[in-house]
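Worksheet: the structure to be examined is printed underneath.
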Amino acid sequence: MYLENCEIVSNIRVAEDIHKMVLVSRRIAETAKPGQFLHIKVSEDSNPLLRRPFSAHDAGNGFVSILYSVRGSGTELLSKKKSGEYLDVLGALGKSFDLPSAKNCLLIAGGIGIAPLYYLAKKLKENKNNATLLCGIRNGKDAKITEEIQRYCNKVYISSEDGETGQKGFITDIKINYAEFENIFVCGPKLMIKRVNELIRDINANCQVSLEENMACGIGTCLGCVCETKRGYERVCVEGPVFNIKDIKW
Amino acid sequence: MVDLSVDIAGLKLKNPVLVASGTFGSGKEYSELFDINKLGGIITKSVTLNERRGNPPPRIYETPSGMLNSIGLQNPGVKKFLEEDAAYLKSKGIPFIVNIAGETVEEYCEVSKIISQDGRASAIELNVSCPNVAAGGIQFGTDPKILRTIVDCVKNVVDKPIIVKLSPNVTDIVELAKAAVEAGADALSLINTLIGMGIDYKTRKPKLAKIIGGLSGPAIKPVALRMVWQVRQAVDVPIIGIGGIMNHEDALEFMIAGASAVAVGTANFVNPLATIETIDGLTKYCNENKINRLQEIVNTLS
């Protein structure tokens with residue numbers, strides 16, 4: 001892991017409250033793997049105090065990027081940063097996705113959960129996998145976030161809650177044959193993950209989930225960001241963010 | 001050449017900057033970011049006799065200039081701690097102080113004895129003030145009689161310096177400080193966290209799973225400073241100041257108030273290099289103000 005002062009290349013609003021930020025980075029960009037996250041200091045002072053974790057949306061060639069939704073004081077501040085400003089970034093942190101090769105992969109994204117799956121899709125394609133994408137968004141205004149990832153996926157299904165784009169309803173309503181896929185990757189709201197867990201209960205796929213949790217240290221020392229798994233309380237910042245879906249205790 | 005060294009009840013540290021219990025692990029993680037051998041010392045996460053799972057999440061919640069935590073003393077138990085963490089710390093050669101928590105006086109004594117007999121730790125810090133434990137913790141540090149009992153018992157079974165970490169959640173911290181010192185405490189560290197809570201008004205639920213938790217960070221510095229100053233006027237043993245220290249300026253304030261050393265906690269999460277910058281800042285301050293020995297400024301509030 002590295003602590004880097006990263007220059008902001010761009011910070012653009014891509015959908016209703018979703019922004020994409022590209023940062024100059026050397027060592028973090030070189031080492032970041034899909035599924036890992038960046039722990040970013042969003043304020044110059046003590047308010048808000050803590051860093052905010054964002055999954056690596058893309059990394060390489062001297063850049064890292066994040067895709068984030070504005071939810072509170074930290075992300076609000078982040079959305080106002082401009083190109084040329086600098087951010088204090090700690091990364092890349094956490095357990096990355098296990099990458100298969102030459103397999104049928106299913107990616108399931110719920111809203112902003114698409115953030116880490118973009119970088120994943122890129123690497124899966126590099127490793128000669130076939131990726132099918134299921135992406136659920138709230139409404140047509142979010143459609144932009146589903147565009148870029150499609151070039152790395154063979155088949156794409158979109159759903160929106162209001163039916164403006166793709167099928168109306170939740171992404172887990174879409175009828176596909178989950179058993180076709182040897183590897184499944186999920187990121188999105190807890191309820192969506194729970195639903196996926198039920199849908200794949202009887203199939204044999206290796207299903208990895210990226211979780212999120214409020215964090216303080218981000219590196220495993222404060223024990224603040226735990227989730228419950230079969231092994232007890234595990235840190236989303238070290239034993240995660242990527243977990244096997246079958247290990248999670250609901 | 002500035003002398004930053006300090007002697008805390010026989011424990012000789014090369015500088016007065018330590019890391020607070022529960023914020024630094026045993027150093028493995030942060031050692032990837034800076035040379036942890038530069039620290040004056042490390043205070044470890046609270047260790048109990050048996051393994052503790054800790055509290056269900058959510059365990060943390062950010063507040064203005066601070067944060068609440070209710071971790072619940074998650075730790076692997078003293079045996080595993082000695083096998084793994086103590087071995088690592090000893091191999092690095094950094095003085096480390098083991099923070100001990102317990103649910104009964106007997107547990108404090110037993111764990112203290114085990115740590116002392118093991119021999120590798122430089123000192124013991126008694127966590128009598130953790131507010132997150134349902135049984136025990138909160139009582140010990142708020143009742144002078146019970147506090148005396150623990151310190152007395154531990155004093156009999158260890159041959160290491162005993163530091164008592166005081167709780168601020170009391171009416172008069174001076175009363176507790178005196179009790180600890182009279183019972184044999186070699187030094188005091190203060191403050192532990194202030195008990196607080198957060199509420200989600202949309203769901204009408206508490207922000208922490210266990211409802212209440214400990215407040216730390218810059219928000220508590222004024223309270224911590226006040227208590228260090230009050231305790232300094234009342235007792236003679238060395239004091240380790242804790243509470244919202246983010247930089248060398250904060251550290252200086254605590255030393256002027258009466259602390260011989262300081263422990264940096266929450267700041268590590270915000271700025272992993274906070275401790276190193278604090279040490280460098282103290283050196284620079286001494287050079288700029290022609291101070292040969294940093295300890296000269298301890299307890300110099302005019």
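How things are named: the first chain in the structure tokens is A, the next is B, and so on; residues count from 1 in each chain; ligands count from 1 in the order shown.
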
Notebook entry, point to check: What's the 6 Å shell around Asp58 (chain A), counting only C-alpha atoms, without same-chain residues fewer than 4 positions away, as JSON, numbers by chain?
Noted result: {"A": [64, 65, 119]}

Note to self: At a cut-off of 8 Å, using only C-alpha atoms, what residues contact Phe24 (chain B)? Leave out same-chain residues fewer than 4 positions from it and give the result as a ChimeraX atom specification.
What the structure shows: /A:221-222 /B:19-20,29-30,42,44-45,265,268

Expected file: the selected residues, N, CA, C and O atoms, as a PDB file, in the first residue's frame:
```
ATOM      1  N   THR A 221      -6.502  -1.936  11.378  1.00  0.00           N
ATOM      2  CA  THR A 221      -6.076  -1.821  12.775  1.00  0.00           C
ATOM      3  C   THR A 221      -7.181  -1.423  13.737  1.00  0.00           C
ATOM      4  O   THR A 221      -7.116  -1.743  14.920  1.00  0.00           O
ATOM      5  N   CYS A 222      -8.190  -0.694  13.285  1.00  0.00           N
ATOM      6  CA  CYS A 222      -9.186  -0.186  14.229  1.00  0.00           C
ATOM      7  C   CYS A 222     -10.323  -1.180  14.492  1.00  0.00           C
ATOM      8  O   CYS A 222     -11.016  -1.064  15.500  1.00  0.00           O
TER       9      CYS A 222
ATOM     10  N   VAL B  19       1.753   5.546  20.286  1.00  0.00           N
ATOM     11  CA  VAL B  19       0.464   5.385  19.633  1.00  0.00           C
ATOM     12  C   VAL B  19      -0.504   4.767  20.627  1.00  0.00           C
ATOM     13  O   VAL B  19      -0.124   3.896  21.401  1.00  0.00           O
ATOM     14  N   ALA B  20      -1.743   5.259  20.580  1.00  0.00           N
ATOM     15  CA  ALA B  20      -2.750   4.880  21.566  1.00  0.00           C
ATOM     16  C   ALA B  20      -3.336   3.497  21.303  1.00  0.00           C
ATOM     17  O   ALA B  20      -3.429   3.052  20.158  1.00  0.00           O
ATOM     18  N   GLU B  29       0.765  -3.191   9.976  1.00  0.00           N
ATOM     19  CA  GLU B  29       0.122  -2.480   8.873  1.00  0.00           C
ATOM     20  C   GLU B  29       0.815  -1.146   8.615  1.00  0.00           C
ATOM     21  O   GLU B  29       1.217  -0.842   7.495  1.00  0.00           O
ATOM     22  N   TYR B  30       0.956  -0.349   9.687  1.00  0.00           N
ATOM     23  CA  TYR B  30       1.550   0.974   9.513  1.00  0.00           C
ATOM     24  C   TYR B  30       3.032   0.913   9.141  1.00  0.00           C
ATOM     25  O   TYR B  30       3.574   1.855   8.575  1.00  0.00           O
ATOM     26  N   ILE B  42       4.850   1.859  21.414  1.00  0.00           N
ATOM     27  CA  ILE B  42       3.542   1.446  20.924  1.00  0.00           C
ATOM     28  C   ILE B  42       2.703   0.914  22.084  1.00  0.00           C
ATOM     29  O   ILE B  42       3.179   0.070  22.856  1.00  0.00           O
ATOM     30  N   THR B  44      -0.452  -1.320  22.779  1.00  0.00           N
ATOM     31  CA  THR B  44      -1.197  -2.286  21.977  1.00  0.00           C
ATOM     32  C   THR B  44      -2.692  -2.230  22.230  1.00  0.00           C
ATOM     33  O   THR B  44      -3.152  -1.635  23.205  1.00  0.00           O
ATOM     34  N   LYS B  45      -3.428  -2.892  21.354  1.00  0.00           N
ATOM     35  CA  LYS B  45      -4.881  -3.044  21.532  1.00  0.00           C
ATOM     36  C   LYS B  45      -5.125  -3.789  22.842  1.00  0.00           C
ATOM     37  O   LYS B  45      -4.329  -4.636  23.249  1.00  0.00           O
ATOM     38  N   GLY B 265      -3.856   8.715  18.664  1.00  0.00           N
ATOM     39  CA  GLY B 265      -4.789   7.630  18.353  1.00  0.00           C
ATOM     40  C   GLY B 265      -5.518   7.831  17.045  1.00  0.00           C
ATOM     41  O   GLY B 265      -5.044   7.422  15.977  1.00  0.00           O
ATOM     42  N   ASN B 268      -4.082   8.695  13.513  1.00  0.00           N
ATOM     43  CA  ASN B 268      -3.456   7.709  12.626  1.00  0.00           C
ATOM     44  C   ASN B 268      -4.371   7.355  11.454  1.00  0.00           C
ATOM     45  O   ASN B 268      -3.902   7.069  10.348  1.00  0.00           O
TER      46      ASN B 268
END
```

Note to self: When DSSP is applied to the backbone of this structure, which of region 21-217 of chain A are assigned alpha helix (DSSP H)? Write them out as a PyMOL selection string.
What the structure shows: chain A and resi 27-31+73-79+114-126+190-199

Next, dump the selected residues to file, keeping only N, CA, C and O atoms, as a compact mmCIF listing (two decimals), in the first residue's frame.
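Writing the result to part.txt gives the following:
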```txt
# COMPACT_ATOMS: atom_id res chain seq x y z
N ARG A 27 2.41 4.67 -8.11
CA ARG A 27 2.52 3.37 -7.47
C ARG A 27 1.15 2.73 -7.19
O ARG A 27 0.99 1.52 -7.34
N ILE A 28 0.17 3.54 -6.80
CA ILE A 28 -1.15 2.97 -6.54
C ILE A 28 -1.72 2.43 -7.85
O ILE A 28 -2.27 1.33 -7.89
N ALA A 29 -1.55 3.17 -8.93
CA ALA A 29 -2.07 2.75 -10.22
C ALA A 29 -1.41 1.44 -10.68
O ALA A 29 -2.06 0.58 -11.26
N GLU A 30 -0.12 1.31 -10.38
CA GLU A 30 0.61 0.10 -10.80
C GLU A 30 0.15 -1.14 -10.06
O GLU A 30 0.19 -2.24 -10.59
N THR A 31 -0.23 -0.94 -8.80
CA THR A 31 -0.49 -2.12 -7.95
C THR A 31 -1.97 -2.42 -7.73
O THR A 31 -2.31 -3.50 -7.25
N SER A 73 -21.65 14.38 3.55
CA SER A 73 -20.72 15.51 3.58
C SER A 73 -19.40 15.23 2.87
O SER A 73 -18.85 16.10 2.21
N GLY A 74 -18.90 14.00 3.00
CA GLY A 74 -17.61 13.67 2.40
C GLY A 74 -17.66 13.68 0.89
O GLY A 74 -16.85 14.32 0.21
N THR A 75 -18.63 12.96 0.33
CA THR A 75 -18.75 12.88 -1.12
C THR A 75 -19.21 14.21 -1.72
O THR A 75 -18.86 14.54 -2.85
N GLU A 76 -19.94 14.97 -0.94
CA GLU A 76 -20.37 16.30 -1.37
C GLU A 76 -19.13 17.17 -1.62
O GLU A 76 -18.99 17.82 -2.65
N LEU A 77 -18.21 17.14 -0.66
CA LEU A 77 -16.95 17.89 -0.77
C LEU A 77 -16.14 17.40 -1.96
O LEU A 77 -15.56 18.18 -2.71
N LEU A 78 -16.10 16.09 -2.12
CA LEU A 78 -15.32 15.48 -3.20
C LEU A 78 -15.83 15.95 -4.56
O LEU A 78 -15.06 16.23 -5.48
N SER A 79 -17.16 16.06 -4.67
CA SER A 79 -17.77 16.43 -5.96
C SER A 79 -17.41 17.85 -6.37
O SER A 79 -17.51 18.21 -7.54
N ILE A 114 -21.63 -0.74 -9.86
CA ILE A 114 -20.92 -0.97 -11.11
C ILE A 114 -19.48 -0.47 -11.02
O ILE A 114 -18.62 -0.88 -11.81
N ALA A 115 -19.20 0.38 -10.04
CA ALA A 115 -17.87 1.00 -9.95
C ALA A 115 -16.71 0.01 -10.03
O ALA A 115 -15.86 0.11 -10.91
N PRO A 116 -16.63 -0.99 -9.11
CA PRO A 116 -15.49 -1.91 -9.20
C PRO A 116 -15.61 -2.90 -10.35
O PRO A 116 -14.61 -3.47 -10.80
N LEU A 117 -16.83 -3.13 -10.83
CA LEU A 117 -17.02 -4.14 -11.87
C LEU A 117 -16.50 -3.68 -13.22
O LEU A 117 -16.21 -4.51 -14.09
N TYR A 118 -16.34 -2.38 -13.40
CA TYR A 118 -15.78 -1.88 -14.66
C TYR A 118 -14.34 -2.35 -14.81
O TYR A 118 -13.96 -2.94 -15.83
N TYR A 119 -13.53 -2.11 -13.77
CA TYR A 119 -12.12 -2.52 -13.79
C TYR A 119 -12.03 -4.04 -13.91
O TYR A 119 -11.20 -4.59 -14.63
N LEU A 120 -12.94 -4.72 -13.20
CA LEU A 120 -12.97 -6.18 -13.26
C LEU A 120 -13.25 -6.66 -14.69
O LEU A 120 -12.56 -7.54 -15.21
N ALA A 121 -14.25 -6.06 -15.33
CA ALA A 121 -14.64 -6.47 -16.68
C ALA A 121 -13.46 -6.33 -17.64
O ALA A 121 -13.22 -7.19 -18.50
N LYS A 122 -12.73 -5.24 -17.45
CA LYS A 122 -11.55 -4.99 -18.29
C LYS A 122 -10.54 -6.14 -18.17
O LYS A 122 -10.05 -6.68 -19.17
N LYS A 123 -10.24 -6.53 -16.92
CA LYS A 123 -9.26 -7.59 -16.66
C LYS A 123 -9.78 -8.95 -17.10
O LYS A 123 -9.02 -9.79 -17.59
N LEU A 124 -11.08 -9.17 -16.93
CA LEU A 124 -11.66 -10.46 -17.34
C LEU A 124 -11.51 -10.63 -18.85
O LEU A 124 -11.19 -11.71 -19.34
N LYS A 125 -11.73 -9.54 -19.57
CA LYS A 125 -11.60 -9.60 -21.03
C LYS A 125 -10.15 -9.86 -21.43
O LYS A 125 -9.87 -10.67 -22.30
N GLU A 126 -9.22 -9.21 -20.71
CA GLU A 126 -7.78 -9.44 -20.97
C GLU A 126 -7.42 -10.90 -20.78
O GLU A 126 -6.56 -11.43 -21.47
N LYS A 190 -27.23 -4.12 -0.34
CA LYS A 190 -27.29 -5.37 0.44
C LYS A 190 -28.49 -6.23 0.06
O LYS A 190 -28.36 -7.45 -0.05
N LEU A 191 -29.63 -5.58 -0.18
CA LEU A 191 -30.84 -6.35 -0.51
C LEU A 191 -30.67 -7.10 -1.82
O LEU A 191 -31.15 -8.22 -1.99
N MET A 192 -29.97 -6.46 -2.76
CA MET A 192 -29.72 -7.09 -4.05
C MET A 192 -28.82 -8.31 -3.87
O MET A 192 -29.05 -9.38 -4.44
N ILE A 193 -27.79 -8.15 -3.05
CA ILE A 193 -26.85 -9.24 -2.82
C ILE A 193 -27.57 -10.42 -2.17
O ILE A 193 -27.36 -11.59 -2.53
N LYS A 194 -28.44 -10.08 -1.23
CA LYS A 194 -29.22 -11.12 -0.54
C LYS A 194 -30.07 -11.89 -1.55
O LYS A 194 -30.15 -13.12 -1.50
N ARG A 195 -30.69 -11.16 -2.47
CA ARG A 195 -31.57 -11.77 -3.47
C ARG A 195 -30.76 -12.67 -4.40
O ARG A 195 -31.18 -13.78 -4.73
N VAL A 196 -29.58 -12.19 -4.78
CA VAL A 196 -28.70 -13.01 -5.63
C VAL A 196 -28.33 -14.30 -4.90
O VAL A 196 -28.32 -15.38 -5.49
N ASN A 197 -28.03 -14.16 -3.62
CA ASN A 197 -27.67 -15.33 -2.81
C ASN A 197 -28.77 -16.39 -2.86
O ASN A 197 -28.50 -17.59 -2.99
N GLU A 198 -30.03 -15.93 -2.79
CA GLU A 198 -31.15 -16.87 -2.86
C GLU A 198 -31.24 -17.51 -4.24
O GLU A 198 -31.43 -18.71 -4.38
N LEU A 199 -31.07 -16.70 -5.28
CA LEU A 199 -31.21 -17.18 -6.65
C LEU A 199 -30.15 -18.21 -7.02
O LEU A 199 -30.40 -19.10 -7.83
```

Item checked: B:Ala263, B:Val270, B:Ser216, B:Thr300 ranked by distance to Gly66 (chain B), top pick (using only C-alpha atoms) ->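 Ranked by minimum distance to Gly66 (chain B), first place goes to B:Ser216.
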
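Among A:Met1, A:Leu133, A:Asp88, A:Gly110, the residue with the shortest atom-to-atom distance to Leu50 (chain A), counting only C-alpha atoms, is A:Asp88.
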
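Using only C-alpha atoms, the shortest contact distance between Thr142 (chain B) and any of B:Ser122, B:Ser167, B:Lys221, B:Val158 is found at B:Ser167.
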
Next item on the list: Give me the residues within 12 Å of Leu301 (chain B) as a PyMOL selection string, counting only C-alpha atoms and dropping any in the same chain fewer than 5 places off.
Entry: chain B and resi 225-226+228-230+232-233+252-259+296

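Here CA of Val181 (chain B) and CA of Ser5 (chain B) stand 23.5 Å from one another.
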